[in-house]
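Here is the structure we will look at, set down as structure tokens.
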Amino acid sequence: MVTPVLDVKKLKTSFFTDDGLLTVVNEVSFHINAGEVLGIVGESGCGKSVTSLSVMGLVPALTSKVEGEILYKGENLAQASEKRMRQVRGNEIAMIFQEPMTSLNPLFTIGSQLMEAIRLHNKKLSKKEAKQQAVTMLKKVGLPRADELINEYPHQLSGGMRQRVMIAMAMICNPQILIADEPTTALDVTIQAQILELMKKLNEETDTAILMITHDLGVVAEICQRVVVMYAGKVVEEGTVESIFKKPSHPYTKGLIQSVPDMRQKKERLFSIPGNVPKPGSLPIGCQFAPRCSYAHEKCLKETPYLKALSIEQKVRCWLYEDEKESIV
Amino acid sequence: MFAYTIRRLSMLIPVLLGMALIVFSLIHAIPGNPAQILLGQQASPEAVAALTKEMGLDQPLYIQFVEYLKSLVTGDLGDSLRTRSPITEEVWPYLAATIELALFAMVIAVFIGVNAGILSAWFQNSWFDYLLMVAALIGVSMPIFWLGLMEQYIFSIKLDLLPTTGRDNIRDPVTAITHLYLLDTLMQGRFDQFIEVIRHLILPGVALATIPMAIIARITRSSMLEVMRSDYIRTARAKGMGMLKVVYKHSLRNAFIPILTIIGLQMGLLLGGAILTETIFGWPGIGNYIYGAIQFRDYPVIQSGILIVAAIFVCINLIVDLLYAAIDPRIKYR
Ligand SMILES: Nc1ncnc2c1ncn2[C@@H]1O[C@H](COP(=O)(O)OP(=O)(O)OP(=O)(O)O)[C@@H](O)[C@H]1O
Ligand SMILES: [Mg+2]
């Protein structure tokens with residue numbers, strides 16, 4: 001069996017707030033193998049960003065608590081020192097964000113921000129070499145006029161170009177893992193497709209694994225091999241992309257799949273799951289999805305379901321599958 | 001950058017014209033004949049008539065204004081009634097004294113204020129933050145003349161550490177070249193005098209620095225808190241950058257625009273409005289110069305003094321605008 005590059009075990013992230021301790025990510029476990037693309041999907045507010053920031057050690061230290069294990073090549077990052085985390089960030093695990101318009105510092109040139117990323121982890125490199133690498137990387141992510149771009153400021157670039165710069169900056173130290181937190185959400189559809197294409201290409205060319213965070217199953221189908229579905233801070237279903245699309249098991253996953261716009265079918269209205277994600281702090285007892293679930297029965301409202309393996313490829317957290325035998329396909 | 005500078009400079013012309021007009025009207029807004037006022041009630045009508053003619057007061061107003069502008073452009077501010085010497089020559093030593101003191105005070109205010117604000121933001125809501133912000137609140141509401149007198153009482157009279165008044169040691173006066181004494185003593189290689197000049201600067205400098213320091217600390221704190229929450233700071237940290245560098249390189253530069261505005265405003269106030277402090281510390285600055293002129297009803301000096309102070313305000317504004325553009329690349333393109 002391959003050992004995963006990242007193995008997250010029972011990650012639990014809570015915030016100290018005025019209303020007490022709020023658990024936003026609750027015992028989330030997943031792993032990524034080297035070179036793999038794993039998707040994490042879920043509606044807004046279900047804890048995807050907090051999960052990824054926890055992995056990076058970037059949740060505000062003074063107002064939060066991170067429990068569980070974050071094993072990067074066997075090393076538990078949840079216990080690592082800030083000094084060690086600085087070496088990991090950018091160099092071994094890099095991250096790109098949802099908002100390309102505001103994720104680059106407006107007062108520094110593209111070149112200086114890229115070179116900074118290299119030189120933080122490679123102190124011996126001269127300015128000239130760093131600049132050379134920056135230009136090469138900009139070309140690699142498909143940006144035209146790389147030699148000029150290096151002297152330009154973020155506001156002179158479009159959103160799509162800025163996201164390419166972000167990707168270049170994240171990939172420049174050749175990280176083992178790239179965490180992409182909704183990298184295409186803020187972009188328009190054609191640019192979205194181009195950025196996904198680029199990430200796919202980089203994933204194939206390098207051995208960088210990608211953790212793709214999204215609320216769009218379309219993106220998952222496009223680029224991921226496996227997917228984790230999150231709801232209200234918990235994993236509700238997990239499996240290969242193929243198995244999830246072929247046989248979505250959790251009612252929430254079914255809902256998500258139904259709400260993906262399908263160009264071939266001319267539906268009157270797009271399906272959407274009724275209701276909203278419950279706020280952390282006011283989570284219902286029992287299954288957290290039960291109040292919005294059309295299959296919910298009495299047990300769902302009382303007891304919390306566990307994550308059950310349906311096959312080696314798929315796990316689900318739902319009482320509907322309680323009696324089903326573990327079938328090995 | 002060059003085009004921007006030219007554009008900003010050309011915008012100065014109407015401002016300066018307006019200022020000259022206001023200062024010009026000031027002397028004409030005084031009821032009665034200025035010549036009579038200048039000479040006093042006992043003056044003979046002949047003398048008044050002669051001065052009226054000499055000052056060109058019998059000419060129509062617009063001609064008088066044009067004459068006034070002409071003399072301003074050639075750098076002629078008129079003569080002091082008290083000393084009978086040209087104001088342009090007389091004013092520089094005073095102005096230099098004020099500039100030196102104001103810069104000294106501002107360096108203290110910026111250095112301490114900015115760092116205190118950063119620390120406060122970093123340790124937001126800690127006892128340290130609260131302590132600093134209470135200190136800043138006391139600072140902004142501090143009566144400066146009282147502070148000055150207290151400083152003199154403690155550090156000069158009781159502890160005998162620092163001199164109370166003046167710019168230099170009267171028994172070993174600085175030979176003026178530029179009249180900026182820190183510069184002059186360095187140019188002459190007189191380090192002993194340099195130290196002496198610094199010792200004279202400390203008490204008035206600290207007194208003057210107090211209010212700007214407190215305001216700068218508060219604005220830095222709120223500005224930093226805002227910037228530290230922004231996406232690009234998260235990006236910098238995700239790159240693996242340490243907090244110290246994140247704060248001083250990526251955050252401070254972005255937080256600096258509002259801080260710069262405050263520095264500009266306060267610098268203007270220090271240069272123009274330090275009369276009280278200058279009086280307490282016997283500082284031979286522009287405030288003292290104007291104050292003396294008011295006591296002697298030396299109208300040309302008052303008029304020129306106001307004009308100079310206003311011009312300084314405008315210049316500082318210009319410098320601040322140019323600095324904005326130097327810090328923020330987006331400004332030039334707007
Ligand atoms: N620093 C914080 N302090 C308190 N609560 C927080 C903090 N950060 C996030 N949360 C809460 O955690 C929950 C999950 O937030 P998160 O940003 O992870 O959602 P998300 O799944 O990424 O949603 P989106 O799709 O909108 O990005 C939200 O309810 C949010 O209010
Ligand atoms: Mg998010």
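Simple scheme: letters A, B, ... for chains in structure tokens order, numbers from 1 for residues in each chain, numbers from 1 for ligands in the order shown.
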(request) Enumerate as an MDAnalysis selection string the residues within 10 Å of ligand 1, counting only C-alpha atoms and all ligand atoms. (result) chainID A and resid 13:19 21:25 40:54 59:64 97:98 181:182 185 213:216 230:233 277:281
(request) Would you list, as a PyMOL selection string, the residues of stretch 238-303 of chain B that end up in alpha helix (DSSP H) under DSSP run on this structure's backbone? (result) chain B and resi 238+243-245+252-272+275-280+286-295+299-303
(request) Write out as a PyMOL selection string each polymer residue whose atoms come within 10 Å of B:Ile211, counting only C-alpha atoms; drop sequence neighbours fewer than 2 positions from it. (result) chain B and resi 109+113+136-144+206-209+213-217+266
Those residues with all heavy atoms, as a compact mmCIF listing (two decimals), in the first residue's frame please?
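Once written, result-v6.txt looks like this:
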# COMPACT_ATOMS: atom_id res chain seq x y z
N ALA B 109 8.13 61.04 17.45
CA ALA B 109 6.71 60.67 17.42
C ALA B 109 6.47 59.49 16.50
O ALA B 109 5.74 58.55 16.83
CB ALA B 109 5.87 61.86 16.99
N GLY B 113 5.55 56.12 18.08
CA GLY B 113 4.12 55.96 17.79
C GLY B 113 3.84 54.75 16.90
O GLY B 113 2.96 53.94 17.21
N ALA B 136 -2.10 56.44 25.17
CA ALA B 136 -2.30 57.26 23.98
C ALA B 136 -3.44 58.25 24.19
O ALA B 136 -3.38 59.40 23.74
CB ALA B 136 -2.59 56.37 22.77
N LEU B 137 -4.46 57.80 24.88
CA LEU B 137 -5.60 58.68 25.15
C LEU B 137 -5.16 59.86 26.03
O LEU B 137 -5.51 61.01 25.79
CB LEU B 137 -6.72 57.89 25.84
CG LEU B 137 -8.04 58.63 25.96
CD1 LEU B 137 -8.61 58.87 24.57
CD2 LEU B 137 -9.03 57.83 26.81
N ILE B 138 -4.34 59.53 27.05
CA ILE B 138 -3.80 60.60 27.91
C ILE B 138 -2.93 61.53 27.05
O ILE B 138 -3.01 62.74 27.15
CB ILE B 138 -2.98 59.99 29.07
CG1 ILE B 138 -3.91 59.19 29.97
CG2 ILE B 138 -2.27 61.09 29.84
CD1 ILE B 138 -3.19 58.38 31.05
N GLY B 139 -2.14 60.92 26.17
CA GLY B 139 -1.24 61.69 25.30
C GLY B 139 -1.97 62.71 24.45
O GLY B 139 -1.59 63.87 24.41
N VAL B 140 -3.07 62.29 23.78
CA VAL B 140 -3.75 63.24 22.90
C VAL B 140 -4.41 64.37 23.67
O VAL B 140 -4.62 65.45 23.14
CB VAL B 140 -4.83 62.59 22.00
CG1 VAL B 140 -4.21 61.89 20.83
CG2 VAL B 140 -5.76 61.70 22.76
N SER B 141 -4.75 64.11 24.93
CA SER B 141 -5.44 65.18 25.67
C SER B 141 -4.49 65.93 26.60
O SER B 141 -4.92 66.67 27.48
CB SER B 141 -6.61 64.59 26.45
OG SER B 141 -6.29 63.33 26.96
N MET B 142 -3.20 65.74 26.38
CA MET B 142 -2.21 66.37 27.25
C MET B 142 -2.09 67.87 26.96
O MET B 142 -1.91 68.26 25.82
CB MET B 142 -0.85 65.70 26.98
CG MET B 142 0.28 66.22 27.80
SD MET B 142 0.14 65.74 29.52
CE MET B 142 0.69 64.05 29.45
N PRO B 143 -2.22 68.74 27.99
CA PRO B 143 -1.93 70.16 27.76
C PRO B 143 -0.42 70.33 27.63
O PRO B 143 0.31 70.08 28.60
CB PRO B 143 -2.46 70.85 29.01
CG PRO B 143 -2.98 69.79 29.90
CD PRO B 143 -2.58 68.45 29.37
N ILE B 144 0.03 70.73 26.43
CA ILE B 144 1.46 70.69 26.16
C ILE B 144 2.26 71.70 26.99
O ILE B 144 3.37 71.40 27.43
CB ILE B 144 1.70 70.91 24.65
CG1 ILE B 144 1.19 69.69 23.89
CG2 ILE B 144 3.17 71.11 24.34
CD1 ILE B 144 1.73 68.37 24.41
N VAL B 206 10.34 66.37 23.05
CA VAL B 206 9.43 65.40 23.65
C VAL B 206 8.06 66.04 23.90
O VAL B 206 7.02 65.44 23.62
CB VAL B 206 10.02 64.83 24.96
CG1 VAL B 206 8.97 64.06 25.73
CG2 VAL B 206 11.21 63.93 24.64
N ALA B 207 8.08 67.28 24.38
CA ALA B 207 6.80 67.95 24.62
C ALA B 207 5.99 68.05 23.33
O ALA B 207 4.81 67.73 23.29
CB ALA B 207 7.04 69.34 25.20
N LEU B 208 6.66 68.46 22.26
CA LEU B 208 5.97 68.61 20.98
C LEU B 208 5.57 67.27 20.40
O LEU B 208 4.58 67.15 19.69
CB LEU B 208 6.86 69.34 19.97
CG LEU B 208 6.88 70.85 20.03
CD1 LEU B 208 7.76 71.40 18.94
CD2 LEU B 208 5.47 71.41 19.88
N ALA B 209 6.35 66.22 20.68
CA ALA B 209 6.10 64.92 20.08
C ALA B 209 4.88 64.22 20.69
O ALA B 209 4.28 63.36 20.06
CB ALA B 209 7.33 64.03 20.22
N MET B 213 2.59 61.67 18.62
CA MET B 213 2.93 60.28 18.93
C MET B 213 1.68 59.49 19.30
O MET B 213 1.45 58.39 18.81
CB MET B 213 3.93 60.27 20.09
CG MET B 213 4.45 58.91 20.42
SD MET B 213 5.64 58.85 21.78
CE MET B 213 6.01 60.47 22.23
N ALA B 214 0.86 60.08 20.16
CA ALA B 214 -0.36 59.40 20.59
C ALA B 214 -1.31 59.17 19.42
O ALA B 214 -1.88 58.08 19.25
CB ALA B 214 -1.04 60.21 21.69
N ILE B 215 -1.47 60.19 18.58
CA ILE B 215 -2.37 60.04 17.44
C ILE B 215 -1.84 59.00 16.46
O ILE B 215 -2.58 58.15 15.96
CB ILE B 215 -2.57 61.40 16.73
CG1 ILE B 215 -3.19 62.40 17.70
CG2 ILE B 215 -3.45 61.24 15.50
CD1 ILE B 215 -3.39 63.77 17.11
N ILE B 216 -0.53 59.04 16.22
CA ILE B 216 0.08 58.08 15.30
C ILE B 216 -0.08 56.66 15.83
O ILE B 216 -0.39 55.73 15.08
CB ILE B 216 1.56 58.42 15.05
CG1 ILE B 216 1.66 59.70 14.21
CG2 ILE B 216 2.29 57.28 14.34
CD1 ILE B 216 3.06 60.26 14.10
N ALA B 217 0.12 56.49 17.14
CA ALA B 217 -0.01 55.15 17.72
C ALA B 217 -1.43 54.61 17.49
O ALA B 217 -1.62 53.46 17.12
CB ALA B 217 0.31 55.18 19.21
N GLN B 266 0.14 66.64 11.28
CA GLN B 266 0.78 66.99 12.54
C GLN B 266 2.05 67.79 12.31
O GLN B 266 2.38 68.69 13.06
CB GLN B 266 1.08 65.73 13.34
CG GLN B 266 -0.16 65.04 13.86
CD GLN B 266 -0.90 65.88 14.87
OE1 GLN B 266 -0.30 66.55 15.70
NE2 GLN B 266 -2.21 65.91 14.79
(message) So that I can check the secondary structure, give me every residue of stretch 73-267 of chain A assigned strand (DSSP E or B) by backbone DSSP, as number ranges by chain.
(response) A: 75-76, 89, 93-96, 177-181, 209-214, 226-231, 234-240
Residues of chain A that have any atom at most 10 Å from an atom of chain B: could you tabulate them with the shortest-distance atom pair and the distance in Å to one decimal, using only C-alpha atoms, ordered by chain and increasing number, as JSON lines?
{"residue": "A:Leu53", "atom": "CA", "partner": "B:Ala238", "partner_atom": "CA", "distance": 9.2}
{"residue": "A:Met56", "atom": "CA", "partner": "B:Ala238", "partner_atom": "CA", "distance": 7.3}
{"residue": "A:Gly57", "atom": "CA", "partner": "B:Ala238", "partner_atom": "CA", "distance": 9.0}
{"residue": "A:Leu58", "atom": "CA", "partner": "B:Ala238", "partner_atom": "CA", "distance": 7.6}
{"residue": "A:Leu62", "atom": "CA", "partner": "B:Phe123", "partner_atom": "CA", "distance": 9.7}
{"residue": "A:Glu82", "atom": "CA", "partner": "B:Gly242", "partner_atom": "CA", "distance": 8.9}
{"residue": "A:Lys83", "atom": "CA", "partner": "B:Gly242", "partner_atom": "CA", "distance": 8.3}
{"residue": "A:Arg84", "atom": "CA", "partner": "B:Gly240", "partner_atom": "CA", "distance": 9.6}
{"residue": "A:Met85", "atom": "CA", "partner": "B:Gly240", "partner_atom": "CA", "distance": 7.4}
{"residue": "A:Arg86", "atom": "CA", "partner": "B:Gly240", "partner_atom": "CA", "distance": 4.3}
{"residue": "A:Gln87", "atom": "CA", "partner": "B:Gly240", "partner_atom": "CA", "distance": 6.1}
{"residue": "A:Val88", "atom": "CA", "partner": "B:Gly240", "partner_atom": "CA", "distance": 7.0}
{"residue": "A:Arg89", "atom": "CA", "partner": "B:Gly240", "partner_atom": "CA", "distance": 4.6}
{"residue": "A:Gly90", "atom": "CA", "partner": "B:Lys239", "partner_atom": "CA", "distance": 4.1}
{"residue": "A:Asn91", "atom": "CA", "partner": "B:Lys239", "partner_atom": "CA", "distance": 7.5}
{"residue": "A:Glu92", "atom": "CA", "partner": "B:Gly240", "partner_atom": "CA", "distance": 9.8}
{"residue": "A:Ile93", "atom": "CA", "partner": "B:Ala238", "partner_atom": "CA", "distance": 8.7}
{"residue": "A:Ala94", "atom": "CA", "partner": "B:Ala238", "partner_atom": "CA", "distance": 6.7}
{"residue": "A:Met95", "atom": "CA", "partner": "B:Ala238", "partner_atom": "CA", "distance": 6.4}
{"residue": "A:Ile96", "atom": "CA", "partner": "B:Thr235", "partner_atom": "CA", "distance": 7.6}
{"residue": "A:Phe97", "atom": "CA", "partner": "B:Thr235", "partner_atom": "CA", "distance": 8.0}
{"residue": "A:Gln98", "atom": "CA", "partner": "B:Asp231", "partner_atom": "CA", "distance": 9.5}
{"residue": "A:Glu99", "atom": "CA", "partner": "B:Asp231", "partner_atom": "CA", "distance": 7.7}
{"residue": "A:Pro100", "atom": "CA", "partner": "B:Asp231", "partner_atom": "CA", "distance": 9.1}
{"residue": "A:Met101", "atom": "CA", "partner": "B:Asp231", "partner_atom": "CA", "distance": 9.2}
{"residue": "A:Thr102", "atom": "CA", "partner": "B:Asp231", "partner_atom": "CA", "distance": 5.8}
{"residue": "A:Ser103", "atom": "CA", "partner": "B:Tyr232", "partner_atom": "CA", "distance": 4.2}
{"residue": "A:Leu104", "atom": "CA", "partner": "B:Tyr232", "partner_atom": "CA", "distance": 4.9}
{"residue": "A:Asn105", "atom": "CA", "partner": "B:Tyr232", "partner_atom": "CA", "distance": 5.1}
{"residue": "A:Pro106", "atom": "CA", "partner": "B:Asp328", "partner_atom": "CA", "distance": 7.7}
{"residue": "A:Leu107", "atom": "CA", "partner": "B:Asp328", "partner_atom": "CA", "distance": 5.6}
{"residue": "A:Phe108", "atom": "CA", "partner": "B:Pro329", "partner_atom": "CA", "distance": 8.4}
{"residue": "A:Thr109", "atom": "CA", "partner": "B:Pro329", "partner_atom": "CA", "distance": 9.2}
{"residue": "A:Gln113", "atom": "CA", "partner": "B:Ala236", "partner_atom": "CA", "distance": 8.7}
{"residue": "A:Leu114", "atom": "CA", "partner": "B:Lys239", "partner_atom": "CA", "distance": 9.8}
{"residue": "A:Glu116", "atom": "CA", "partner": "B:Lys239", "partner_atom": "CA", "distance": 8.6}
{"residue": "A:Ala117", "atom": "CA", "partner": "B:Lys239", "partner_atom": "CA", "distance": 5.9}
{"residue": "A:Ile118", "atom": "CA", "partner": "B:Lys239", "partner_atom": "CA", "distance": 8.9}
{"residue": "A:Leu120", "atom": "CA", "partner": "B:Met241", "partner_atom": "CA", "distance": 6.8}
{"residue": "A:His121", "atom": "CA", "partner": "B:Gly240", "partner_atom": "CA", "distance": 7.9}
{"residue": "A:Glu152", "atom": "CA", "partner": "B:Pro329", "partner_atom": "CA", "distance": 9.5}
{"residue": "A:Tyr153", "atom": "CA", "partner": "B:Pro329", "partner_atom": "CA", "distance": 7.3}
{"residue": "A:Pro154", "atom": "CA", "partner": "B:Arg330", "partner_atom": "CA", "distance": 9.4}
{"residue": "A:His155", "atom": "CA", "partner": "B:Arg330", "partner_atom": "CA", "distance": 7.1}
{"residue": "A:Gln156", "atom": "CA", "partner": "B:Arg330", "partner_atom": "CA", "distance": 8.8}
{"residue": "A:Met166", "atom": "CA", "partner": "B:Thr235", "partner_atom": "CA", "distance": 8.9}
{"residue": "A:Met169", "atom": "CA", "partner": "B:Lys239", "partner_atom": "CA", "distance": 8.3}
{"residue": "A:Ala170", "atom": "CA", "partner": "B:Lys239", "partner_atom": "CA", "distance": 7.5}
{"residue": "A:Cys173", "atom": "CA", "partner": "B:Lys239", "partner_atom": "CA", "distance": 9.6}
Counting only C-alpha atoms, what is within 10 Å of B:Val309, bar same-chain residues fewer than 5 positions away, as a JSON list (two decimals) with all heavy atoms, in the first residue's frame?
[["chain", "number", "residue", "atom", "x", "y", "z"],
["B", 95, "LEU", "N", 13.09, 80.31, 11.15],
["B", 95, "LEU", "CA", 12.44, 79.20, 10.45],
["B", 95, "LEU", "C", 13.26, 77.92, 10.62],
["B", 95, "LEU", "O", 12.72, 76.85, 10.91],
["B", 95, "LEU", "CB", 12.32, 79.56, 8.96],
["B", 95, "LEU", "CG", 11.34, 78.73, 8.15],
["B", 95, "LEU", "CD1", 9.97, 78.76, 8.78],
["B", 95, "LEU", "CD2", 11.29, 79.25, 6.71],
["B", 268, "GLY", "N", 2.55, 69.85, 9.89],
["B", 268, "GLY", "CA", 2.08, 71.20, 9.61],
["B", 268, "GLY", "C", 1.79, 71.95, 10.90],
["B", 268, "GLY", "O", 2.21, 73.10, 11.08],
["B", 269, "LEU", "N", 1.13, 71.26, 11.82],
["B", 269, "LEU", "CA", 0.80, 71.89, 13.10],
["B", 269, "LEU", "C", 2.07, 72.22, 13.90],
["B", 269, "LEU", "O", 2.19, 73.27, 14.49],
["B", 269, "LEU", "CB", -0.11, 70.98, 13.93],
["B", 269, "LEU", "CG", -1.53, 70.84, 13.40],
["B", 269, "LEU", "CD1", -2.33, 69.90, 14.28],
["B", 269, "LEU", "CD2", -2.21, 72.20, 13.34],
["B", 271, "LEU", "N", 5.03, 72.85, 12.75],
["B", 271, "LEU", "CA", 5.79, 73.94, 12.15],
["B", 271, "LEU", "C", 5.08, 75.27, 12.33],
["B", 271, "LEU", "O", 5.71, 76.31, 12.45],
["B", 271, "LEU", "CB", 6.02, 73.66, 10.66],
["B", 271, "LEU", "CG", 7.08, 72.60, 10.38],
["B", 271, "LEU", "CD1", 7.06, 72.19, 8.92],
["B", 271, "LEU", "CD2", 8.46, 73.15, 10.74],
["B", 272, "GLY", "N", 3.77, 75.23, 12.33],
["B", 272, "GLY", "CA", 3.05, 76.50, 12.38],
["B", 272, "GLY", "C", 2.54, 76.88, 13.75],
["B", 272, "GLY", "O", 2.36, 78.05, 14.05],
["B", 273, "GLY", "N", 2.31, 75.89, 14.56],
["B", 273, "GLY", "CA", 1.56, 76.21, 15.77],
["B", 273, "GLY", "C", 2.27, 75.93, 17.06],
["B", 273, "GLY", "O", 1.65, 75.61, 18.07],
["B", 286, "ILE", "N", 10.02, 80.32, 14.53],
["B", 286, "ILE", "CA", 9.12, 81.19, 13.79],
["B", 286, "ILE", "C", 7.93, 81.62, 14.66],
["B", 286, "ILE", "O", 7.42, 82.74, 14.53],
["B", 286, "ILE", "CB", 8.65, 80.50, 12.49],
["B", 286, "ILE", "CG1", 7.88, 81.45, 11.57],
["B", 286, "ILE", "CG2", 7.77, 79.30, 12.77],
["B", 286, "ILE", "CD1", 8.77, 82.20, 10.65],
["B", 287, "GLY", "N", 7.52, 80.76, 15.57],
["B", 287, "GLY", "CA", 6.43, 81.09, 16.47],
["B", 287, "GLY", "C", 6.80, 82.28, 17.35],
["B", 287, "GLY", "O", 6.04, 83.24, 17.48],
["B", 304, "SER", "N", 3.86, 88.35, 6.66],
["B", 304, "SER", "CA", 4.80, 87.40, 6.04],
["B", 304, "SER", "C", 4.85, 86.10, 6.82],
["B", 304, "SER", "O", 4.94, 85.02, 6.24],
["B", 304, "SER", "CB", 6.19, 88.00, 5.97],
["B", 304, "SER", "OG", 6.14, 89.25, 5.35],
["B", 314, "VAL", "N", 1.17, 73.99, 2.76],
["B", 314, "VAL", "CA", 0.95, 73.55, 1.38],
["B", 314, "VAL", "C", 2.08, 72.62, 0.92],
["B", 314, "VAL", "O", 1.84, 71.58, 0.30],
["B", 314, "VAL", "CB", 0.83, 74.77, 0.45],
["B", 314, "VAL", "CG1", 0.79, 74.34, -0.99],
["B", 314, "VAL", "CG2", -0.41, 75.56, 0.81],
["B", 315, "CYS", "N", 3.31, 72.99, 1.26],
["B", 315, "CYS", "CA", 4.45, 72.18, 0.84],
["B", 315, "CYS", "C", 4.39, 70.78, 1.47],
["B", 315, "CYS", "O", 4.65, 69.78, 0.80],
["B", 315, "CYS", "CB", 5.76, 72.84, 1.24],
["B", 315, "CYS", "SG", 6.11, 74.26, 0.24]]
(request) Just the residues within 12 Å of B:Val66, please, counting only C-alpha atoms, with nothing from its chain fewer than 3 positions along; format it as a list in words. (result) Leu17, Ala20, Leu21, Phe24, Gly56, Gln59, Pro60, Leu61, Tyr62, Ile63, Leu69, Lys70, Ser71, Leu72 and Val73 of chain B
(message) Which residues are near A:Ser259? Cut-off 6 Å, only C-alpha atoms, ignore same chain within fewer than 3 positions. Put them as a PyMOL selection string.
(response) chain A and resi 256+271-272
(request) Using only C-alpha atoms, determine which residues lie at most 12 Å from B:Leu119, disregarding the query and same-chain residues fewer than 2 positions distant; provide the list as a PyMOL selection string. (result) chain B and resi 112-117+121-133+217-218+220-222+224-225+244+247-248+252
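Between atom CA of A:Leu202 and atom CA of A:Phe245 lies a distance of 24.9 Å.
Relative to atom CA of A:Ser81, atom CA of A:Glu36 is found at 27.2 Å.
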